[in-house]
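Pasted below: query_3.cif, mmCIF, C-alpha atoms and all ligand atoms.
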data_final
loop_
_atom_site.label_atom_id
_atom_site.label_comp_id
_atom_site.auth_asym_id
_atom_site.auth_seq_id
_atom_site.Cartn_x
_atom_site.Cartn_y
_atom_site.Cartn_z
CA MET A 1 143.60 65.06 22.57
CA ALA A 2 141.51 65.34 25.72
CA THR A 3 141.29 62.09 27.62
CA ASN A 4 139.46 60.77 30.61
CA ARG A 5 141.90 58.77 32.69
CA THR A 6 145.25 59.05 34.34
CA PHE A 7 147.19 57.05 36.89
CA THR A 8 148.90 58.21 40.09
CA ILE A 9 150.90 56.84 42.98
CA LEU A 10 151.10 58.43 46.41
CA LYS A 11 154.73 57.56 47.06
CA PRO A 12 156.17 56.23 50.36
CA ASP A 13 157.16 59.68 51.69
CA SER A 14 153.55 60.88 51.40
CA ILE A 15 152.32 57.91 53.42
CA GLU A 16 155.11 58.24 56.02
CA LYS A 17 154.33 61.91 56.59
CA GLY A 18 150.58 61.39 56.98
CA TYR A 19 149.61 63.22 53.79
CA ILE A 20 147.19 60.64 52.35
CA GLY A 21 144.08 62.57 53.37
CA VAL A 22 145.19 66.03 52.30
CA ILE A 23 146.53 64.84 48.96
CA LEU A 24 143.41 62.83 48.10
CA GLU A 25 141.26 65.79 49.11
CA LYS A 26 143.26 68.08 46.83
CA ILE A 27 142.87 65.62 43.96
CA THR A 28 139.12 65.11 44.34
CA SER A 29 138.38 68.78 45.00
CA SER A 30 140.24 69.53 41.74
CA GLY A 31 137.62 67.57 39.85
CA PHE A 32 139.17 64.10 39.60
CA ARG A 33 137.03 61.07 40.36
CA ILE A 34 138.67 58.02 41.94
CA VAL A 35 138.00 55.02 39.71
CA ALA A 36 140.22 52.48 41.52
CA MET A 37 142.52 52.77 44.52
CA LYS A 38 144.64 50.49 46.70
CA MET A 39 147.34 50.67 49.31
CA THR A 40 150.04 48.19 48.39
CA TYR A 41 153.79 47.59 48.26
CA LEU A 42 156.01 47.66 45.22
CA THR A 43 158.56 44.87 44.98
CA ARG A 44 162.08 45.68 43.84
CA GLN A 45 161.46 43.76 40.66
CA GLY A 46 158.17 45.56 40.12
CA THR A 47 159.77 48.96 40.69
CA ARG A 48 162.57 48.21 38.22
CA LYS A 49 159.95 47.26 35.67
CA PHE A 50 157.69 50.25 36.36
CA TYR A 51 160.61 52.69 36.01
CA LYS A 52 162.51 50.81 33.30
CA MET A 53 162.82 53.97 31.19
CA HIS A 54 165.12 55.32 33.95
CA LYS A 55 167.28 52.19 34.36
CA ASP A 56 170.48 53.84 33.11
CA ARG A 57 170.05 57.04 35.14
CA PRO A 58 172.42 57.57 38.07
CA PHE A 59 169.52 57.85 40.53
CA PHE A 60 167.94 54.51 39.57
CA GLY A 61 169.20 52.58 42.63
CA GLU A 62 168.03 55.36 44.93
CA LEU A 63 164.64 55.38 43.21
CA VAL A 64 164.18 51.63 43.74
CA GLU A 65 165.12 51.93 47.44
CA TYR A 66 162.74 54.83 47.93
CA MET A 67 159.76 53.28 46.18
CA THR A 68 160.10 49.96 48.05
CA ARG A 69 160.74 51.27 51.56
CA GLY A 70 157.08 51.50 52.56
CA PRO A 71 153.54 51.28 51.27
CA ILE A 72 152.26 53.24 48.30
CA ILE A 73 148.75 54.12 47.16
CA ALA A 74 147.99 53.39 43.51
CA VAL A 75 145.03 55.25 42.00
CA ILE A 76 143.26 55.45 38.66
CA LEU A 77 141.59 58.82 38.15
CA GLU A 78 138.99 60.14 35.76
CA LYS A 79 138.42 63.68 34.51
CA ASP A 80 138.26 65.47 31.18
CA ASN A 81 141.81 66.04 29.96
CA ALA A 82 143.03 63.93 32.88
CA VAL A 83 146.72 63.44 32.02
CA GLU A 84 147.49 67.08 31.33
CA ASP A 85 145.36 68.49 34.14
CA PHE A 86 146.86 66.09 36.67
CA ARG A 87 150.43 66.97 35.64
CA ALA A 88 149.53 70.61 36.23
CA LEU A 89 148.04 69.77 39.63
CA ILE A 90 151.13 67.87 40.87
CA GLY A 91 153.71 70.36 39.55
CA ALA A 92 157.30 69.98 38.39
CA THR A 93 159.39 66.89 39.28
CA ASN A 94 161.66 69.05 41.42
CA PRO A 95 159.56 70.65 44.19
CA GLU A 96 161.87 73.67 44.16
CA GLU A 97 160.63 74.36 40.64
CA ALA A 98 156.99 73.43 41.30
CA ALA A 99 154.40 76.23 41.10
CA GLU A 100 152.58 77.52 44.18
CA GLY A 101 149.41 75.56 44.83
CA THR A 102 150.73 72.30 43.36
CA ILE A 103 150.92 69.07 45.34
CA ARG A 104 154.69 68.77 45.02
CA LYS A 105 155.21 72.36 46.10
CA ALA A 106 153.20 71.66 49.26
CA TYR A 107 154.20 68.10 50.11
CA ALA A 108 157.36 66.94 48.27
CA THR A 109 160.75 66.88 49.94
CA SER A 110 163.21 66.76 47.03
CA ILE A 111 163.56 65.84 43.37
CA GLY A 112 163.97 62.20 44.43
CA GLU A 113 161.32 62.09 47.15
CA ASN A 114 158.67 64.01 45.33
CA ALA A 115 155.49 62.71 46.96
CA ILE A 116 153.44 61.73 43.93
CA HIS A 117 153.53 60.24 40.44
CA GLY A 118 151.47 61.30 37.44
CA SER A 119 151.38 59.54 34.07
CA ASP A 120 152.99 61.55 31.29
CA SER A 121 150.82 60.36 28.40
CA ASP A 122 147.53 58.62 27.64
CA GLU A 123 149.41 55.53 26.56
CA ASN A 124 151.44 55.37 29.78
CA ALA A 125 148.36 56.05 31.90
CA GLU A 126 146.80 52.92 30.47
CA ILE A 127 149.98 50.81 30.79
CA GLU A 128 150.61 51.97 34.37
CA GLY A 129 146.99 51.42 35.45
CA GLU A 130 147.13 47.90 34.00
CA PHE A 131 150.44 47.28 35.75
CA HIS A 132 148.91 48.00 39.15
CA PHE A 133 145.36 46.76 38.71
CA SER A 134 145.51 43.77 36.39
CA GLY A 135 145.91 41.36 39.30
CA ARG A 136 149.20 40.23 37.75
CA GLU A 137 151.08 43.43 38.56
CA GLN A 138 154.81 43.37 39.16
CA PHE A 139 155.32 39.86 37.77
P1 LIG A 201 158.67 60.82 38.61
O1 LIG A 201 158.91 61.90 37.61
O2 LIG A 201 157.31 60.53 39.10
O3 LIG A 201 159.31 59.46 38.02
C1 LIG A 201 160.71 59.28 38.00
C2 LIG A 201 161.23 59.51 39.37
O4 LIG A 201 162.63 59.41 39.52
C3 LIG A 201 160.93 60.94 39.79
O5 LIG A 201 159.55 61.12 39.92
C4 LIG A 201 161.74 61.03 41.05
O6 LIG A 201 161.14 60.32 42.13
C5 LIG A 201 162.99 60.28 40.58
N1 LIG A 201 163.99 61.23 40.08
C6 LIG A 201 163.93 61.98 38.98
N2 LIG A 201 165.03 62.74 38.85
C7 LIG A 201 165.81 62.47 39.92
C8 LIG A 201 167.08 62.92 40.36
N3 LIG A 201 167.76 63.82 39.65
N4 LIG A 201 167.57 62.42 41.49
C9 LIG A 201 166.87 61.50 42.20
N5 LIG A 201 165.65 61.02 41.82
C10 LIG A 201 165.14 61.49 40.70
#
Take the structure I supplied and represent it as C-alpha cells, if you would.
Ligand code: CMP
Amino acid sequence: MATNRTFTILKPDSIEKGYIGVILEKITSSGFRIVAMKMTYLTRQGTRKFYKMHKDRPFFGELVEYMTRGPIIAVILEKDNAVEDFRALIGATNPEEAAEGTIRKAYATSIGENAIHGSDSDENAEIEGEFHFSGREQF
C-alpha cells in the first residue's frame, strides 16, 4: 500500500563528517517534504529501546556506542509511497552493496556506520516518529 510518511535519522557519522546539508538536499530534491526535524542526542537507554529488535545481535553493543557518541538528526518525511521510496534512496544496509546514487553508497563508511536510518514499514515509521517527536521520547 502506498503511504505518505516515513522516518529517518541522520546518524552520528553523518553529522561528524559534515554531511547534513548534502544529505538533506538529496532527500528533498528526491521529492520528500520535511514534516518535522530536530538535532538531538540519543541516550543509551533510548537507543536500546529504539533498536530492541537487534538486542541479541552480536553488534548490539557497538550499535549503542555508535548511536550515542554524538548528535543525530531525527526527521519525519512525507511523500507518496514514502517508506519504499526512501529505502530505495538510502540503499542497502552495507554500503558495499548499496547501489550507485544512493545515500549510503555516497556517504556511509561501513555496515555499522551507515550514515542514515530509514523505517522498514508503515507501522514502524509511525512508531519511530512517535518515539522521537512525542515529547516523551526515550523514556
Ligand atoms: P539500520 O539498518 O538502520 O538499523 C540497524 C543498524 O545496526 C544498522 O543500520 C547498522 O547501523 C547496524 N548494523 C547492522 N548490521 C550490522 C553488522 N553486521 N555489524 C555492525 N552493525 C550492524
Nearest-residue call for ligand LIG 201 (chain A), choices A:Lys79, A:Arg57, A:Lys105, A:Arg33, using all atoms listed in the file =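 Among the listed residues, the smallest separation from ligand LIG 201 (chain A) belongs to A:Arg57.
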Produce a table with one row for each residue of chain A that has an atom at most 8 Å from any atom of ligand LIG 201 (chain A), each row naming the nearest atom pair and its distance in Å at one decimal; use all atoms listed in the file; arrange rows by chain and rising residue number; format as CSV.
residue,atom,partner,partner_atom,distance
A:Tyr51,CA,A:LIG201,C1,6.9
A:His54,CA,A:LIG201,C1,7.2
A:Pro58,CA,A:LIG201,N4,7.7
A:Phe59,CA,A:LIG201,C9,4.8
A:Phe60,CA,A:LIG201,O4,7.2
A:Glu62,CA,A:LIG201,C9,6.8
A:Leu63,CA,A:LIG201,C5,5.8
A:Thr93,CA,A:LIG201,O1,5.3
A:Asn94,CA,A:LIG201,N2,7.6
A:Ile111,CA,A:LIG201,C7,5.3
A:Gly112,CA,A:LIG201,N5,3.3
A:Glu113,CA,A:LIG201,O6,5.3
A:Asn114,CA,A:LIG201,O6,5.5
A:Ala115,CA,A:LIG201,O6,7.8
A:Ile116,CA,A:LIG201,O2,6.3
A:His117,CA,A:LIG201,O2,4.0
A:Gly118,CA,A:LIG201,O2,6.1
A:Ser119,CA,A:LIG201,O2,7.8
Output file for the selection above: C-alpha atoms, as a compact mmCIF listing (two decimals), keeping the file's coordinate frame:
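Written file, again_12.txt:
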# COMPACT_ATOMS: atom_id res chain seq x y z
CA TYR A 51 160.61 52.69 36.01
CA HIS A 54 165.12 55.32 33.95
CA PRO A 58 172.42 57.57 38.07
CA PHE A 59 169.52 57.85 40.53
CA PHE A 60 167.94 54.51 39.57
CA GLU A 62 168.03 55.36 44.93
CA LEU A 63 164.64 55.38 43.21
CA THR A 93 159.39 66.89 39.28
CA ASN A 94 161.66 69.05 41.42
CA ILE A 111 163.56 65.84 43.37
CA GLY A 112 163.97 62.20 44.43
CA GLU A 113 161.32 62.09 47.15
CA ASN A 114 158.67 64.01 45.33
CA ALA A 115 155.49 62.71 46.96
CA ILE A 116 153.44 61.73 43.93
CA HIS A 117 153.53 60.24 40.44
CA GLY A 118 151.47 61.30 37.44
CA SER A 119 151.38 59.54 34.07
Given all atoms listed in the file as the counted atoms, nearest of A:Ser134, A:Ser121, A:Ser30, A:Thr40 to Ile15 in chain A =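 Smallest separation from Ile15 in chain A among the options: A:Thr40.
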Between CA of Ala82 in chain A and CA of Thr6 in chain A, what is the distance, to one decimal in Å?
->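 CA of Thr6 in chain A lies at a distance of 5.6 Å from CA of Ala82 in chain A.
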Go through A:Glu78, A:Asp120, A:Glu65, A:Glu16 and flag the residue nearest Met37 in chain A, using all atoms listed in the file for the distances.
-> A:Glu78
d(CA of Phe7 in chain A, CA of Asp122 in chain A) in Å | 9.4 Å
A:Gly135, A:Gly101, A:Gly129, A:Pro71 ranked by distance to Pro12 in chain A, top pick (using all atoms listed in the file) = A:Pro71
Minimum-distance residue to Ile103 in chain A, chosen among A:Ala36, A:Phe133, A:Phe86, A:Gly31 (using only C-alpha atoms) | A:Phe86
Hey, what's within 9 Å of Arg44 in chain A if we count only C-alpha atoms and toss same-chain stuff fewer than 2 positions away? As a VMD selection string, please?
-> chain A and resid 42 46 to 49 64 to 65 67 to 68 138
Counting all atoms listed in the file, the residue of A:Lys55, A:Glu97, A:Ala125, A:Ile72 that sits nearest Ile9 in chain A |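 Nearest candidate to Ile9 in chain A out of A:Lys55, A:Glu97, A:Ala125, A:Ile72: A:Ile72.
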So how far away is CA of Ile23 in chain A from CA of Ser110 in chain A, in Å?
->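 Atom-to-atom, CA of Ser110 in chain A to CA of Ile23 in chain A, that is 16.9 Å.
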So that all listed atoms of range 121-137 of chain A fit with 5 Å spare on each side, what axis-aligned box centre and edge lengths in Å, to one decimal, would you give as lines of an AutoDock Vina configuration file?
center_x = 148.4
center_y = 50.3
center_z = 32.9
size_x = 16.1
size_y = 30.1
size_z = 22.7
Could you add whatever atoms are missing so that range 1-32 of chain A carries N, CA and C atoms, then write the result as a PDB file, keeping the file's coordinate frame?
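And here is the file that came out, rebuild04.pdb:
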ATOM      1  N   MET A   1     144.966  65.588  22.469  1.00  0.00           N
ATOM      2  CA  MET A   1     143.600  65.060  22.570  1.00  0.00           C
ATOM      3  C   MET A   1     143.183  64.976  24.042  1.00  0.00           C
ATOM      4  N   ALA A   2     142.007  65.429  24.344  1.00  0.00           N
ATOM      5  CA  ALA A   2     141.510  65.340  25.720  1.00  0.00           C
ATOM      6  C   ALA A   2     141.192  63.888  26.052  1.00  0.00           C
ATOM      7  N   THR A   3     141.553  63.474  27.230  1.00  0.00           N
ATOM      8  CA  THR A   3     141.290  62.090  27.620  1.00  0.00           C
ATOM      9  C   THR A   3     140.627  62.063  28.983  1.00  0.00           C
ATOM     10  N   ASN A   4     140.208  60.891  29.374  1.00  0.00           N
ATOM     11  CA  ASN A   4     139.460  60.770  30.610  1.00  0.00           C
ATOM     12  C   ASN A   4     140.232  60.252  31.800  1.00  0.00           C
ATOM     13  N   ARG A   5     141.265  59.452  31.558  1.00  0.00           N
ATOM     14  CA  ARG A   5     141.900  58.770  32.690  1.00  0.00           C
ATOM     15  C   ARG A   5     143.381  59.031  32.819  1.00  0.00           C
ATOM     16  N   THR A   6     143.821  59.050  34.087  1.00  0.00           N
ATOM     17  CA  THR A   6     145.250  59.050  34.340  1.00  0.00           C
ATOM     18  C   THR A   6     145.524  58.124  35.534  1.00  0.00           C
ATOM     19  N   PHE A   7     146.798  57.946  35.815  1.00  0.00           N
ATOM     20  CA  PHE A   7     147.190  57.050  36.890  1.00  0.00           C
ATOM     21  C   PHE A   7     148.156  57.784  37.818  1.00  0.00           C
ATOM     22  N   THR A   8     147.987  57.570  39.133  1.00  0.00           N
ATOM     23  CA  THR A   8     148.900  58.210  40.090  1.00  0.00           C
ATOM     24  C   THR A   8     149.325  57.226  41.173  1.00  0.00           C
ATOM     25  N   ILE A   9     150.444  57.551  41.784  1.00  0.00           N
ATOM     26  CA  ILE A   9     150.900  56.840  42.980  1.00  0.00           C
ATOM     27  C   ILE A   9     151.196  57.879  44.053  1.00  0.00           C
ATOM     28  N   LEU A  10     150.619  57.688  45.238  1.00  0.00           N
ATOM     29  CA  LEU A  10     151.100  58.430  46.410  1.00  0.00           C
ATOM     30  C   LEU A  10     152.314  57.649  46.905  1.00  0.00           C
ATOM     31  N   LYS A  11     153.470  58.262  46.818  1.00  0.00           N
ATOM     32  CA  LYS A  11     154.730  57.560  47.060  1.00  0.00           C
ATOM     33  C   LYS A  11     154.997  57.395  48.569  1.00  0.00           C
ATOM     34  N   PRO A  12     155.965  56.532  48.938  1.00  0.00           N
ATOM     35  CA  PRO A  12     156.170  56.230  50.360  1.00  0.00           C
ATOM     36  C   PRO A  12     156.337  57.439  51.270  1.00  0.00           C
ATOM     37  N   ASP A  13     156.977  58.505  50.819  1.00  0.00           N
ATOM     38  CA  ASP A  13     157.160  59.680  51.690  1.00  0.00           C
ATOM     39  C   ASP A  13     155.822  60.326  52.044  1.00  0.00           C
ATOM     40  N   SER A  14     154.875  60.307  51.114  1.00  0.00           N
ATOM     41  CA  SER A  14     153.550  60.880  51.400  1.00  0.00           C
ATOM     42  C   SER A  14     152.832  60.087  52.481  1.00  0.00           C
ATOM     43  N   ILE A  15     152.975  58.771  52.425  1.00  0.00           N
ATOM     44  CA  ILE A  15     152.320  57.910  53.420  1.00  0.00           C
ATOM     45  C   ILE A  15     152.997  58.116  54.781  1.00  0.00           C
ATOM     46  N   GLU A  16     154.343  58.093  54.773  1.00  0.00           N
ATOM     47  CA  GLU A  16     155.110  58.240  56.020  1.00  0.00           C
ATOM     48  C   GLU A  16     154.774  59.544  56.742  1.00  0.00           C
ATOM     49  N   LYS A  17     154.554  60.594  55.982  1.00  0.00           N
ATOM     50  CA  LYS A  17     154.330  61.910  56.590  1.00  0.00           C
ATOM     51  C   LYS A  17     152.861  62.189  56.923  1.00  0.00           C
ATOM     52  N   GLY A  18     151.996  61.225  56.641  1.00  0.00           N
ATOM     53  CA  GLY A  18     150.580  61.390  56.980  1.00  0.00           C
ATOM     54  C   GLY A  18     149.827  62.290  56.026  1.00  0.00           C
ATOM     55  N   TYR A  19     150.241  62.316  54.763  1.00  0.00           N
ATOM     56  CA  TYR A  19     149.610  63.220  53.790  1.00  0.00           C
ATOM     57  C   TYR A  19     148.533  62.561  52.920  1.00  0.00           C
ATOM     58  N   ILE A  20     148.163  61.318  53.220  1.00  0.00           N
ATOM     59  CA  ILE A  20     147.190  60.640  52.350  1.00  0.00           C
ATOM     60  C   ILE A  20     145.908  61.472  52.222  1.00  0.00           C
ATOM     61  N   GLY A  21     145.358  61.857  53.374  1.00  0.00           N
ATOM     62  CA  GLY A  21     144.080  62.570  53.370  1.00  0.00           C
ATOM     63  C   GLY A  21     144.138  63.891  52.628  1.00  0.00           C
ATOM     64  N   VAL A  22     145.139  64.696  52.931  1.00  0.00           N
ATOM     65  CA  VAL A  22     145.190  66.030  52.300  1.00  0.00           C
ATOM     66  C   VAL A  22     145.433  65.934  50.799  1.00  0.00           C
ATOM     67  N   ILE A  23     146.245  64.961  50.401  1.00  0.00           N
ATOM     68  CA  ILE A  23     146.530  64.840  48.960  1.00  0.00           C
ATOM     69  C   ILE A  23     145.289  64.334  48.218  1.00  0.00           C
ATOM     70  N   LEU A  24     144.623  63.327  48.774  1.00  0.00           N
ATOM     71  CA  LEU A  24     143.410  62.830  48.100  1.00  0.00           C
ATOM     72  C   LEU A  24     142.329  63.908  48.044  1.00  0.00           C
ATOM     73  N   GLU A  25     142.249  64.701  49.091  1.00  0.00           N
ATOM     74  CA  GLU A  25     141.260  65.790  49.110  1.00  0.00           C
ATOM     75  C   GLU A  25     141.569  66.813  48.010  1.00  0.00           C
ATOM     76  N   LYS A  26     142.841  67.126  47.871  1.00  0.00           N
ATOM     77  CA  LYS A  26     143.260  68.080  46.830  1.00  0.00           C
ATOM     78  C   LYS A  26     142.918  67.546  45.435  1.00  0.00           C
ATOM     79  N   ILE A  27     143.141  66.247  45.259  1.00  0.00           N
ATOM     80  CA  ILE A  27     142.870  65.620  43.960  1.00  0.00           C
ATOM     81  C   ILE A  27     141.366  65.631  43.658  1.00  0.00           C
ATOM     82  N   THR A  28     140.561  65.194  44.616  1.00  0.00           N
ATOM     83  CA  THR A  28     139.120  65.110  44.340  1.00  0.00           C
ATOM     84  C   THR A  28     138.474  66.498  44.254  1.00  0.00           C
ATOM     85  N   SER A  29     138.970  67.432  45.069  1.00  0.00           N
ATOM     86  CA  SER A  29     138.380  68.780  45.000  1.00  0.00           C
ATOM     87  C   SER A  29     138.827  69.519  43.733  1.00  0.00           C
ATOM     88  N   SER A  30     139.823  68.958  43.025  1.00  0.00           N
ATOM     89  CA  SER A  30     140.240  69.530  41.740  1.00  0.00           C
ATOM     90  C   SER A  30     139.486  68.905  40.576  1.00  0.00           C
ATOM     91  N   GLY A  31     138.496  68.079  40.897  1.00  0.00           N
ATOM     92  CA  GLY A  31     137.620  67.570  39.850  1.00  0.00           C
ATOM     93  C   GLY A  31     137.920  66.154  39.372  1.00  0.00           C
ATOM     94  N   PHE A  32     138.866  65.476  40.005  1.00  0.00           N
ATOM     95  CA  PHE A  32     139.170  64.100  39.600  1.00  0.00           C
ATOM     96  C   PHE A  32     138.309  63.128  40.409  1.00  0.00           C
TER      97      PHE A  32
END
